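Taking it in order: structure first as C-alpha cells, then the write-up.
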Amino acid sequence: MNPIQVMAIVGTRPDAIKMAPVVLILRDDPRFRVRVIATGQHREMLDQVLKLFQIVPDEDLQVMTPYQTLAQITTRVLEGLDKALQRYRPDVVLAQGDTTTTFVAALAAFYHQIPFGHVEAGLRTYDKYHPFPEEINRRLTAPIADFHFAPTERARQNLLREAIPAECIWVTGNTGIDAVLWVAQQPFEPQDPALKRFFAHTGRTLLITTHRRENWGEPMEGIALSIRDLLDALPDLLALLPMHRNPRVREVIQRVLGDHPRMILTEPLDYAPFVHAMRHATLILTDSGGVQEEAPAFGKPILVLRTTTERPEGVEAGTAKLVGTERACIREEALRLLTDADAYARMAHAINPYGDGHAAERIREILASRLV
Ligand code: UD1
Ligand code: UDP
C-alpha cells in the first residue's frame, strides 16, 4: 500500500516548534511519507528550531524580508505554496496555529482541493484586533480545515459554536507540550557568558519576551520602562530578555534597557536554552502565545503582557495573570510577586492544562484511521 503523502508547512519559530513532534512521529511510521515545506517567513529563528529537531525542509520558499508587511507575506507564501502543492500533490496538508503562514497554507490547500489538518485549532479571543492578525488567521483557517486538532476542550467548544462538525474535531492536547517536555529532559549546560551569568545568579531573576504586533511602539515602551523600574527597585534582580529579531521590537528594547547593568539583552535563544531559562526564572513576563502554554508546565508564575488571551486555561488555573502593557500596572503586579512570598506561592504550581505530551501520537492515529 502506498504511504499517505503528508505536507507539513512551517514558517515561523512557533510553527516549527509545534510541528516538529508531528513531523518526527510521522517520519518514523511507514504508513506515512512526510514532506516539510518551510515558507521562510522567519529565517534565523526558524532555522534554529529545524536544526535542533534535525528537520531538513524539502523546500524553502525564503520569503522573509526586513520590515515585511502582512500583505507581502500573504502573497509570497501563497504563490510559493501554490507551486509546491502542484508539484507534490500531497494527500493532506498540515499547518499549526495562527501565523500568516498557517492561514495561507490552508487557503492554498483549499485552492488545490487537498484536505487540510489544523494543528492547534479552536483558540479564540473573539476580539478582531487582539492578537493581530492571529485571531483572524485562526478564524479564517477553521472553515477550510477538514481535521481540527484542538488542544483543549474549550478550543473544541469554540469550534462547535462556529458550526464546525463535531466529527471533524479531536481534542489532542497541544503538540507544543510534546516539544517542551522532550527538550526539558535533554541535558543542558550554558555556554554563552551572558547565559552563564543568568543561570549562576542566586538572587531573583526575570525572563521577558515581547514581540506582538499590537504591542509595537508605545505599549512596548511601557513594558520596557516597567522592567527598568523593577531593576531599579530590587538590587538583586537580574533580567534576561532574548530579543525577537524584529527590528521594530529591538529599537525600543535597546533604547530603554540597553545600558542597565543587570539587564541581559541577547539574540533569540535556541529553544533548549530558552526552556531551561524558563525553569530557572523566578518570574516570567511575556506577550507570547507559546510561552503561556509552557510556563505552567514548570510551575512558573507568568504575567501576560496583553489585555486578552486565547489561552485562558492558565489564567483560570491561577498560574497566569493578564496585566496589559501599562508601566505602572506591570511594575506593581511584578513587584508583588517578587516580594510577597504568599502571593508568589499561590501562583507557582505546576499544571498542564494544554496537553500531556502525547498530542503528536494522537494526530498520527487520527490521520491513519481517516486516510489509510
Ligand atoms: C510572526 C507571526 C506571529 C508569531 C511570531 C512568532 C504573523 C503575521 N506573525 O510574527 O503570529 O507570534 O511570528 O515569533 O504570522 N525577523 C528576522 N529574522 C527572523 C524572524 C523575523 O529578521 O528569524 C524580522 C524581519 O525583519 C521580519 C520581522 O522580524 O520582517 C517580522 O517578522 P514577521 O514574521 O512578519 O512577524 P513576527 O512579529 O515575527
Ligand atoms: N522561544 C525560544 N527562544 C526565545 C524565545 C522563545 O525558543 O528566545 C520559544 C518558546 O519556548 C516558545 C516559542 O518560542 O515555544 C514561542 O514563540 P514566539 O513567542 O515567537 O511566538 P508565539 O508563541 O507568540 O506565536
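Chain labels run A, B, ... following the order of the C-alpha cells; each chain numbers its residues from 1, and ligands are numbered from 1 in the order shown.
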Chain A residues near ligand 1 within 7 Å, closest pair each, using only C-alpha atoms and all ligand atoms, as JSON lines:
{"residue": "A:Thr12", "atom": "CA", "partner": "ligand 1", "partner_atom_place_in_ligand_line": "13 (O)", "distance": 5.3}
{"residue": "A:Arg13", "atom": "CA", "partner": "ligand 1", "partner_atom_place_in_ligand_line": "14 (O)", "distance": 5.7}
{"residue": "A:Pro14", "atom": "CA", "partner": "ligand 1", "partner_atom_place_in_ligand_line": "6 (C)", "distance": 5.8}
{"residue": "A:Gln41", "atom": "CA", "partner": "ligand 1", "partner_atom_place_in_ligand_line": "34 (O)", "distance": 5.2}
{"residue": "A:His42", "atom": "CA", "partner": "ligand 1", "partner_atom_place_in_ligand_line": "20 (C)", "distance": 3.9}
{"residue": "A:Arg43", "atom": "CA", "partner": "ligand 1", "partner_atom_place_in_ligand_line": "23 (O)", "distance": 3.7}
{"residue": "A:Glu44", "atom": "CA", "partner": "ligand 1", "partner_atom_place_in_ligand_line": "23 (O)", "distance": 3.9}
{"residue": "A:Met45", "atom": "CA", "partner": "ligand 1", "partner_atom_place_in_ligand_line": "23 (O)", "distance": 3.8}
{"residue": "A:Leu46", "atom": "CA", "partner": "ligand 1", "partner_atom_place_in_ligand_line": "23 (O)", "distance": 5.8}
{"residue": "A:Met64", "atom": "CA", "partner": "ligand 1", "partner_atom_place_in_ligand_line": "30 (O)", "distance": 6.2}
{"residue": "A:Thr65", "atom": "CA", "partner": "ligand 1", "partner_atom_place_in_ligand_line": "30 (O)", "distance": 5.1}
{"residue": "A:Pro66", "atom": "CA", "partner": "ligand 1", "partner_atom_place_in_ligand_line": "26 (O)", "distance": 3.3}
{"residue": "A:Tyr67", "atom": "CA", "partner": "ligand 1", "partner_atom_place_in_ligand_line": "30 (O)", "distance": 3.8}
{"residue": "A:Gln68", "atom": "CA", "partner": "ligand 1", "partner_atom_place_in_ligand_line": "30 (O)", "distance": 4.0}
{"residue": "A:Thr69", "atom": "CA", "partner": "ligand 1", "partner_atom_place_in_ligand_line": "35 (O)", "distance": 6.4}
{"residue": "A:Leu70", "atom": "CA", "partner": "ligand 1", "partner_atom_place_in_ligand_line": "8 (C)", "distance": 5.9}
{"residue": "A:Asp98", "atom": "CA", "partner": "ligand 1", "partner_atom_place_in_ligand_line": "11 (O)", "distance": 5.9}
{"residue": "A:Thr99", "atom": "CA", "partner": "ligand 1", "partner_atom_place_in_ligand_line": "15 (O)", "distance": 3.4}
{"residue": "A:Thr100", "atom": "CA", "partner": "ligand 1", "partner_atom_place_in_ligand_line": "15 (O)", "distance": 3.8}
{"residue": "A:Thr101", "atom": "CA", "partner": "ligand 1", "partner_atom_place_in_ligand_line": "15 (O)", "distance": 6.0}
{"residue": "A:Pro133", "atom": "CA", "partner": "ligand 1", "partner_atom_place_in_ligand_line": "8 (C)", "distance": 5.8}
{"residue": "A:Glu134", "atom": "CA", "partner": "ligand 1", "partner_atom_place_in_ligand_line": "11 (O)", "distance": 5.6}
{"residue": "A:His211", "atom": "CA", "partner": "ligand 1", "partner_atom_place_in_ligand_line": "38 (O)", "distance": 5.7}
{"residue": "A:Arg212", "atom": "CA", "partner": "ligand 1", "partner_atom_place_in_ligand_line": "38 (O)", "distance": 5.9}
{"residue": "A:Arg213", "atom": "CA", "partner": "ligand 1", "partner_atom_place_in_ligand_line": "38 (O)", "distance": 6.0}
{"residue": "A:Arg245", "atom": "CA", "partner": "ligand 1", "partner_atom_place_in_ligand_line": "17 (C)", "distance": 4.5}
{"residue": "A:Asn246", "atom": "CA", "partner": "ligand 1", "partner_atom_place_in_ligand_line": "29 (O)", "distance": 3.3}
{"residue": "A:Pro247", "atom": "CA", "partner": "ligand 1", "partner_atom_place_in_ligand_line": "26 (O)", "distance": 5.8}
{"residue": "A:Ser288", "atom": "CA", "partner": "ligand 1", "partner_atom_place_in_ligand_line": "12 (O)", "distance": 6.5}
{"residue": "A:Gly289", "atom": "CA", "partner": "ligand 1", "partner_atom_place_in_ligand_line": "12 (O)", "distance": 6.8}
Show me which residues are within 8 Å of ligand 2 counting only C-alpha atoms and all ligand atoms, and format the list as a tab-separated table (two decimals) with all heavy atoms, in the first residue's frame.
chain	number	residue	atom	x	y	z
A	12	THR	N	7.37	30.08	10.86
A	12	THR	CA	7.91	30.87	11.97
A	12	THR	C	8.45	29.93	13.06
A	12	THR	O	8.21	28.73	13.01
A	12	THR	CB	6.82	31.74	12.61
A	12	THR	OG1	5.88	30.89	13.25
A	12	THR	CG2	6.10	32.61	11.59
A	13	ARG	N	9.10	30.54	14.04
A	13	ARG	CA	9.63	29.74	15.16
A	13	ARG	C	8.55	28.88	15.82
A	13	ARG	O	8.75	27.66	15.95
A	13	ARG	CB	10.27	30.69	16.18
A	13	ARG	CG	10.61	30.02	17.49
A	13	ARG	CD	11.45	30.92	18.37
A	13	ARG	NE	10.74	32.09	18.83
A	13	ARG	CZ	11.33	33.14	19.45
A	13	ARG	NH1	12.63	33.14	19.65
A	13	ARG	NH2	10.62	34.19	19.83
A	14	PRO	N	7.41	29.47	16.26
A	14	PRO	CA	6.44	28.59	16.93
A	14	PRO	C	5.83	27.54	16.01
A	14	PRO	O	5.51	26.43	16.47
A	14	PRO	CB	5.36	29.55	17.46
A	14	PRO	CG	5.55	30.82	16.68
A	14	PRO	CD	6.99	30.88	16.34
A	15	ASP	N	5.70	27.85	14.71
A	15	ASP	CA	5.21	26.82	13.78
A	15	ASP	C	6.13	25.60	13.84
A	15	ASP	O	5.68	24.45	13.90
A	15	ASP	CB	5.26	27.30	12.31
A	15	ASP	CG	4.32	28.43	11.98
A	15	ASP	OD1	3.34	28.63	12.73
A	15	ASP	OD2	4.57	29.11	10.97
A	17	ILE	N	8.39	24.71	16.16
A	17	ILE	CA	8.44	24.02	17.47
A	17	ILE	C	7.25	23.08	17.60
A	17	ILE	O	7.38	21.92	18.00
A	17	ILE	CB	8.47	25.05	18.62
A	17	ILE	CG1	9.81	25.79	18.64
A	17	ILE	CG2	8.18	24.37	19.97
A	17	ILE	CD1	9.87	26.98	19.60
A	18	LYS	N	6.07	23.57	17.23
A	18	LYS	CA	4.85	22.79	17.48
A	18	LYS	C	4.59	21.75	16.39
A	18	LYS	O	3.86	20.79	16.63
A	18	LYS	CB	3.66	23.74	17.64
A	18	LYS	CG	3.77	24.53	18.93
A	18	LYS	CD	2.68	25.57	19.04
A	18	LYS	CE	2.68	26.19	20.44
A	18	LYS	NZ	1.67	27.25	20.57
A	45	MET	N	15.34	32.48	13.24
A	45	MET	CA	14.54	31.91	14.33
A	45	MET	C	13.89	30.59	13.92
A	45	MET	O	13.62	29.74	14.76
A	45	MET	CB	13.49	32.93	14.78
A	45	MET	CG	14.11	34.10	15.53
A	45	MET	SD	13.02	35.52	15.71
A	45	MET	CE	11.63	34.82	16.55
A	49	VAL	N	15.31	26.21	15.15
A	49	VAL	CA	14.42	25.14	15.63
A	49	VAL	C	14.54	23.91	14.72
A	49	VAL	O	14.62	22.77	15.20
A	49	VAL	CB	12.95	25.63	15.66
A	49	VAL	CG1	12.04	24.52	16.15
A	49	VAL	CG2	12.81	26.86	16.53
A	97	GLY	N	-1.45	26.44	14.28
A	97	GLY	CA	-1.57	27.72	14.97
A	97	GLY	C	-2.21	28.83	14.17
A	97	GLY	O	-3.22	28.61	13.48
A	98	ASP	N	-1.57	30.00	14.22
A	98	ASP	CA	-2.27	31.23	13.82
A	98	ASP	C	-1.43	32.20	13.02
A	98	ASP	O	-1.76	33.37	12.91
A	98	ASP	CB	-2.79	31.92	15.08
A	98	ASP	CG	-1.66	32.16	16.09
A	98	ASP	OD1	-0.48	32.10	15.67
A	98	ASP	OD2	-1.96	32.39	17.27
A	99	THR	N	-0.30	31.73	12.52
A	99	THR	CA	0.55	32.68	11.79
A	99	THR	C	0.01	32.86	10.38
A	99	THR	O	-0.88	32.13	9.92
A	99	THR	CB	2.00	32.17	11.71
A	99	THR	OG1	2.00	30.96	10.95
A	99	THR	CG2	2.58	31.89	13.09
A	176	GLY	N	2.93	21.55	21.30
A	176	GLY	CA	3.98	22.34	21.95
A	176	GLY	C	4.38	21.74	23.29
A	176	GLY	O	5.53	21.87	23.71
A	180	VAL	N	8.09	20.72	24.46
A	180	VAL	CA	8.76	21.31	25.62
A	180	VAL	C	9.17	20.23	26.62
A	180	VAL	O	10.24	20.31	27.24
A	180	VAL	CB	7.89	22.42	26.27
A	180	VAL	CG1	6.81	21.88	27.17
A	180	VAL	CG2	8.76	23.38	27.06
A	209	THR	N	9.81	38.05	27.28
A	209	THR	CA	9.78	38.07	25.81
A	209	THR	C	8.63	38.97	25.38
A	209	THR	O	7.59	39.01	26.03
A	209	THR	CB	9.59	36.68	25.16
A	209	THR	OG1	8.21	36.29	25.21
A	209	THR	CG2	10.46	35.61	25.77
A	210	THR	N	8.86	39.68	24.28
A	210	THR	CA	7.79	40.52	23.73
A	210	THR	C	8.00	40.69	22.24
A	210	THR	O	9.12	40.87	21.78
A	210	THR	CB	7.74	41.89	24.45
A	210	THR	OG1	6.71	42.68	23.83
A	210	THR	CG2	9.06	42.65	24.40
A	211	HIS	N	6.94	40.56	21.48
A	211	HIS	CA	7.05	40.74	20.03
A	211	HIS	C	5.74	41.10	19.34
A	211	HIS	O	5.73	41.47	18.19
A	211	HIS	CB	7.59	39.46	19.38
A	211	HIS	CG	6.62	38.31	19.40
A	211	HIS	ND1	5.60	38.19	18.50
A	211	HIS	CD2	6.50	37.25	20.21
A	211	HIS	CE1	4.91	37.09	18.76
A	211	HIS	NE2	5.43	36.50	19.80
A	212	ARG	N	4.60	40.99	20.02
A	212	ARG	CA	3.30	41.10	19.34
A	212	ARG	C	3.13	42.42	18.59
A	212	ARG	O	3.49	43.48	19.09
A	212	ARG	CB	2.15	41.02	20.36
A	212	ARG	CG	2.03	39.71	21.10
A	212	ARG	CD	0.70	39.06	20.83
A	212	ARG	NE	0.77	38.32	19.58
A	212	ARG	CZ	1.28	37.08	19.49
A	212	ARG	NH1	1.70	36.44	20.55
A	212	ARG	NH2	1.31	36.49	18.33
A	241	LEU	N	16.32	39.21	28.60
A	241	LEU	CA	15.34	39.42	27.54
A	241	LEU	C	15.95	39.01	26.20
A	241	LEU	O	16.72	39.78	25.62
A	241	LEU	CB	14.87	40.89	27.52
A	241	LEU	CG	13.59	41.21	26.73
A	241	LEU	CD1	13.04	42.58	27.12
A	241	LEU	CD2	13.74	41.12	25.22
A	242	PRO	N	15.67	37.78	25.73
A	242	PRO	CA	16.14	37.40	24.40
A	242	PRO	C	15.30	38.17	23.39
A	242	PRO	O	14.09	38.01	23.35
A	242	PRO	CB	15.86	35.89	24.33
A	242	PRO	CG	15.31	35.49	25.66
A	242	PRO	CD	14.87	36.72	26.37
A	243	MET	N	15.96	39.02	22.61
A	243	MET	CA	15.20	39.93	21.75
A	243	MET	C	14.76	39.26	20.46
A	243	MET	O	15.57	38.68	19.73
A	243	MET	CB	16.06	41.14	21.40
A	243	MET	CG	16.27	42.09	22.55
A	243	MET	SD	17.23	43.50	22.01
A	243	MET	CE	18.80	42.74	21.60
A	244	HIS	N	13.49	39.37	20.18
A	244	HIS	CA	12.95	38.93	18.91
A	244	HIS	C	13.74	39.63	17.80
A	244	HIS	O	14.23	40.73	17.99
A	244	HIS	CB	11.47	39.33	18.85
A	244	HIS	CG	10.68	38.65	17.79
A	244	HIS	ND1	10.72	39.04	16.47
A	244	HIS	CD2	9.84	37.60	17.83
A	244	HIS	CE1	9.93	38.26	15.76
A	244	HIS	NE2	9.38	37.38	16.56
A	267	GLU	N	20.44	37.75	21.65
A	267	GLU	CA	19.76	37.25	20.45
A	267	GLU	C	18.67	36.27	20.90
A	267	GLU	O	18.72	35.78	22.04
A	267	GLU	CB	20.76	36.52	19.56
A	267	GLU	CG	21.79	37.41	18.90
A	267	GLU	CD	21.14	38.49	18.06
A	267	GLU	OE1	20.21	38.18	17.29
A	267	GLU	OE2	21.53	39.67	18.19
A	268	PRO	N	17.70	35.94	20.02
A	268	PRO	CA	16.73	34.91	20.39
A	268	PRO	C	17.49	33.66	20.84
A	268	PRO	O	18.47	33.27	20.21
A	268	PRO	CB	15.99	34.63	19.09
A	268	PRO	CG	16.18	35.83	18.25
A	268	PRO	CD	17.51	36.43	18.65
A	269	LEU	N	17.07	33.09	21.95
A	269	LEU	CA	17.77	31.89	22.43
A	269	LEU	C	17.33	30.69	21.62
A	269	LEU	O	16.17	30.61	21.19
A	269	LEU	CB	17.44	31.63	23.90
A	269	LEU	CG	17.88	32.69	24.91
A	269	LEU	CD1	17.64	32.18	26.33
A	269	LEU	CD2	19.35	33.06	24.73
A	270	ASP	N	18.25	29.74	21.45
A	270	ASP	CA	17.84	28.45	20.90
A	270	ASP	C	16.78	27.88	21.83
A	270	ASP	O	16.74	28.22	23.03
A	270	ASP	CB	19.04	27.50	20.83
A	270	ASP	CG	19.95	27.86	19.66
A	270	ASP	OD1	19.62	28.79	18.91
A	270	ASP	OD2	21.00	27.20	19.52
A	271	TYR	N	15.97	27.00	21.30
A	271	TYR	CA	14.81	26.53	22.07
A	271	TYR	C	15.23	25.86	23.38
A	271	TYR	O	14.63	26.12	24.43
A	271	TYR	CB	13.99	25.57	21.18
A	271	TYR	CG	12.71	25.09	21.78
A	271	TYR	CD1	11.83	25.96	22.42
A	271	TYR	CD2	12.35	23.75	21.69
A	271	TYR	CE1	10.63	25.50	22.96
A	271	TYR	CE2	11.15	23.29	22.22
A	271	TYR	CZ	10.30	24.18	22.86
A	271	TYR	OH	9.13	23.73	23.39
A	272	ALA	N	16.27	25.04	23.35
A	272	ALA	CA	16.66	24.32	24.57
A	272	ALA	C	17.11	25.29	25.68
A	272	ALA	O	16.59	25.24	26.80
A	272	ALA	CB	17.74	23.28	24.27
A	273	PRO	N	18.05	26.22	25.40
A	273	PRO	CA	18.40	27.18	26.44
A	273	PRO	C	17.20	27.99	26.92
A	273	PRO	O	17.10	28.32	28.10
A	273	PRO	CB	19.44	28.09	25.77
A	273	PRO	CG	19.94	27.34	24.62
A	273	PRO	CD	18.92	26.35	24.21
A	274	PHE	N	16.29	28.31	25.99
A	274	PHE	CA	15.13	29.11	26.42
A	274	PHE	C	14.27	28.33	27.42
A	274	PHE	O	13.83	28.87	28.43
A	274	PHE	CB	14.29	29.56	25.22
A	274	PHE	CG	13.17	30.48	25.64
A	274	PHE	CD1	13.43	31.81	25.91
A	274	PHE	CD2	11.89	30.01	25.82
A	274	PHE	CE1	12.43	32.67	26.36
A	274	PHE	CE2	10.88	30.84	26.28
A	274	PHE	CZ	11.15	32.17	26.54
A	275	VAL	N	14.06	27.07	27.13
A	275	VAL	CA	13.24	26.25	28.04
A	275	VAL	C	13.90	26.17	29.41
A	275	VAL	O	13.25	26.31	30.45
A	275	VAL	CB	13.02	24.84	27.43
A	275	VAL	CG1	12.41	23.89	28.46
A	275	VAL	CG2	12.13	24.94	26.20
A	286	THR	N	5.59	37.99	29.56
A	286	THR	CA	5.59	37.66	28.13
A	286	THR	C	4.30	38.08	27.45
A	286	THR	O	3.25	38.16	28.09
A	286	THR	CB	5.79	36.14	27.94
A	286	THR	OG1	6.06	35.89	26.56
A	286	THR	CG2	4.56	35.33	28.34
A	287	ASP	N	4.42	38.37	26.14
A	287	ASP	CA	3.20	38.52	25.34
A	287	ASP	C	3.10	37.36	24.33
A	287	ASP	O	2.27	37.37	23.43
A	287	ASP	CB	3.14	39.88	24.63
A	287	ASP	CG	4.27	40.11	23.62
A	287	ASP	OD1	5.02	39.16	23.32
A	287	ASP	OD2	4.39	41.24	23.12
A	288	SER	N	3.96	36.36	24.49
A	288	SER	CA	3.99	35.21	23.59
A	288	SER	C	2.81	34.28	23.85
A	288	SER	O	2.33	34.15	24.98
A	288	SER	CB	5.29	34.45	23.81
A	288	SER	OG	5.20	33.12	23.37
A	289	GLY	N	2.36	33.59	22.80
A	289	GLY	CA	1.35	32.57	22.99
A	289	GLY	C	1.95	31.30	23.55
A	289	GLY	O	1.50	30.77	24.57
A	290	GLY	N	3.01	30.81	22.91
A	290	GLY	CA	3.60	29.53	23.30
A	290	GLY	C	4.14	29.54	24.71
A	290	GLY	O	4.00	28.56	25.45
A	291	VAL	N	4.75	30.65	25.11
A	291	VAL	CA	5.33	30.71	26.46
A	291	VAL	C	4.21	30.60	27.51
A	291	VAL	O	4.41	30.00	28.57
A	291	VAL	CB	6.17	32.00	26.63
A	291	VAL	CG1	6.69	32.13	28.06
A	291	VAL	CG2	7.34	32.02	25.65
A	292	GLN	N	3.04	31.12	27.20
A	292	GLN	CA	1.90	30.99	28.13
A	292	GLN	C	1.51	29.53	28.34
A	292	GLN	O	0.95	29.17	29.37
A	292	GLN	CB	0.67	31.70	27.57
A	292	GLN	CG	0.70	33.19	27.66
A	292	GLN	CD	-0.58	33.77	27.06
A	292	GLN	OE1	-1.67	33.57	27.55
A	292	GLN	NE2	-0.42	34.48	25.95
A	294	GLU	N	3.80	26.96	27.98
A	294	GLU	CA	4.94	26.20	28.51
A	294	GLU	C	5.21	26.49	29.99
A	294	GLU	O	5.52	25.57	30.76
A	294	GLU	CB	6.20	26.54	27.69
A	294	GLU	CG	6.09	26.07	26.26
A	294	GLU	CD	7.11	26.72	25.34
A	294	GLU	OE1	7.68	27.77	25.71
A	294	GLU	OE2	7.33	26.21	24.26
Pull the closest atom pair for each residue of segment 204-277 of chain A that gets at most 9 Å from segment 324-343 of chain A, along with the distance in Å to one decimal, counting only C-alpha atoms, ordering rows by chain and then ascending residue number, as CSV.
residue,atom,partner,partner_atom,distance
A:Arg204,CA,A:Leu338,CA,7.6
A:Asn215,CA,A:Thr325,CA,7.7
A:Glu218,CA,A:Thr325,CA,8.9
A:Pro219,CA,A:Thr325,CA,5.3
A:Met220,CA,A:Thr325,CA,7.1
A:Glu221,CA,A:Arg327,CA,8.3
A:Gly222,CA,A:Arg327,CA,4.6
A:Ile223,CA,A:Thr325,CA,5.6
A:Ala224,CA,A:Arg327,CA,8.0
A:Leu225,CA,A:Arg327,CA,6.2
A:Ser226,CA,A:Arg327,CA,4.7
A:Ile227,CA,A:Arg331,CA,7.2
A:Asp229,CA,A:Arg331,CA,6.9
A:Leu230,CA,A:Arg331,CA,6.3
A:Ala233,CA,A:Leu335,CA,8.5
A:Leu234,CA,A:Leu335,CA,8.6
- Message: With only C-alpha atoms as the counted atoms, please give the residues lying no more than 6 Å from Ala145 of chain A, apart from itself and same-chain residues fewer than 2 positions off, as a PyMOL selection string.
- Response: chain A and resi 116-117+142-143+147
Write out the residues from the selection above, keeping all heavy atoms, as an mmCIF file, in the first residue's frame.
data_model
loop_
_atom_site.group_PDB
_atom_site.id
_atom_site.type_symbol
_atom_site.label_atom_id
_atom_site.label_comp_id
_atom_site.auth_asym_id
_atom_site.auth_seq_id
_atom_site.Cartn_x
_atom_site.Cartn_y
_atom_site.Cartn_z
ATOM 1 N N PHE A 116 -7.094 19.594 4.546
ATOM 2 C CA PHE A 116 -6.196 20.382 5.387
ATOM 3 C C PHE A 116 -6.406 20.030 6.857
ATOM 4 O O PHE A 116 -7.545 19.970 7.332
ATOM 5 C CB PHE A 116 -6.454 21.879 5.185
ATOM 6 C CG PHE A 116 -5.578 22.751 6.046
ATOM 7 C CD1 PHE A 116 -4.257 22.980 5.693
ATOM 8 C CD2 PHE A 116 -6.062 23.303 7.223
ATOM 9 C CE1 PHE A 116 -3.430 23.759 6.493
ATOM 10 C CE2 PHE A 116 -5.244 24.090 8.025
ATOM 11 C CZ PHE A 116 -3.930 24.319 7.659
ATOM 12 N N GLY A 117 -5.315 19.779 7.572
ATOM 13 C CA GLY A 117 -5.379 19.497 9.008
ATOM 14 C C GLY A 117 -4.806 20.668 9.794
ATOM 15 O O GLY A 117 -3.673 21.089 9.551
ATOM 16 N N ALA A 142 -10.360 28.007 10.142
ATOM 17 C CA ALA A 142 -11.298 26.981 10.623
ATOM 18 C C ALA A 142 -12.262 26.450 9.553
ATOM 19 O O ALA A 142 -12.386 25.222 9.400
ATOM 20 C CB ALA A 142 -12.059 27.500 11.846
ATOM 21 N N PRO A 143 -12.953 27.311 8.795
ATOM 22 C CA PRO A 143 -13.907 26.750 7.829
ATOM 23 C C PRO A 143 -13.259 25.958 6.692
ATOM 24 O O PRO A 143 -13.925 25.176 6.009
ATOM 25 C CB PRO A 143 -14.647 27.984 7.279
ATOM 26 C CG PRO A 143 -13.852 29.150 7.681
ATOM 27 C CD PRO A 143 -12.986 28.772 8.822
ATOM 28 N N PHE A 147 -9.554 18.525 9.284
ATOM 29 C CA PHE A 147 -9.151 17.925 10.557
ATOM 30 C C PHE A 147 -8.844 19.080 11.514
ATOM 31 O O PHE A 147 -7.954 19.889 11.228
ATOM 32 C CB PHE A 147 -7.878 17.090 10.412
ATOM 33 C CG PHE A 147 -8.012 15.944 9.455
ATOM 34 C CD1 PHE A 147 -7.746 16.107 8.101
ATOM 35 C CD2 PHE A 147 -8.386 14.686 9.919
ATOM 36 C CE1 PHE A 147 -7.859 15.050 7.224
ATOM 37 C CE2 PHE A 147 -8.498 13.613 9.047
ATOM 38 C CZ PHE A 147 -8.245 13.793 7.691
#
- Task: Find the residues around segment 85-92 of chain A up to 12 Å (only C-alpha atoms counted), leave out those fewer than 3 positions away in its own chain, and share them as a ChimeraX atom specification.
- Result: /A:2-9,32-37,58-59,77-82,95,105-118,145-147,367-368,370-372
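Our summary of the geometry notes that atom CA of Glu365 of chain A is positioned 17.8 Å from atom CA of Thr152 of chain A.
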- Message: Considering only C-alpha atoms, can you say which of A:Leu240, A:His276, A:Gln54, A:Gln62 comes closest to Glu189 of chain A?
- Response: A:His276
- Where does DSSP see helix (DSSP H, G or I) in segment 226-295 of chain A, if you list the residues as a ChimeraX atom specification? /A:226-233,247-257,271-280,289-295
- Running DSSP on the backbone, which parts of segment 146-351 of chain A land in strand (DSSP E), as a ChimeraX atom specification? /A:147-150,169-171,205-209,238-242,263-266,283-286,302-304,320-322
- Item | Within 10 Å of Thr202 of chain A using only C-alpha atoms, minus same-chain residues under 3 positions, as an MDAnalysis selection string | chainID A and resid 197:199 205 236:238
- Message: Residues near segment 299-307 of chain A, anyone? I mean within 7 Å using only C-alpha atoms, not counting same-chain ones fewer than 3 positions away, as number ranges by chain.
- Response: A: 283-287, 295-296, 319-325, 347-351
- Give me the residues within 10 Å of Leu265 of chain A as a PyMOL selection string, counting only C-alpha atoms and dropping any in the same chain fewer than 4 places off. chain A and resi 194+208+239-243+250+253-254+257-260
- Item | Between atom CA of His148 of chain A and atom CA of Ile169 of chain A - distance in Å to one decimal | 4.7 Å
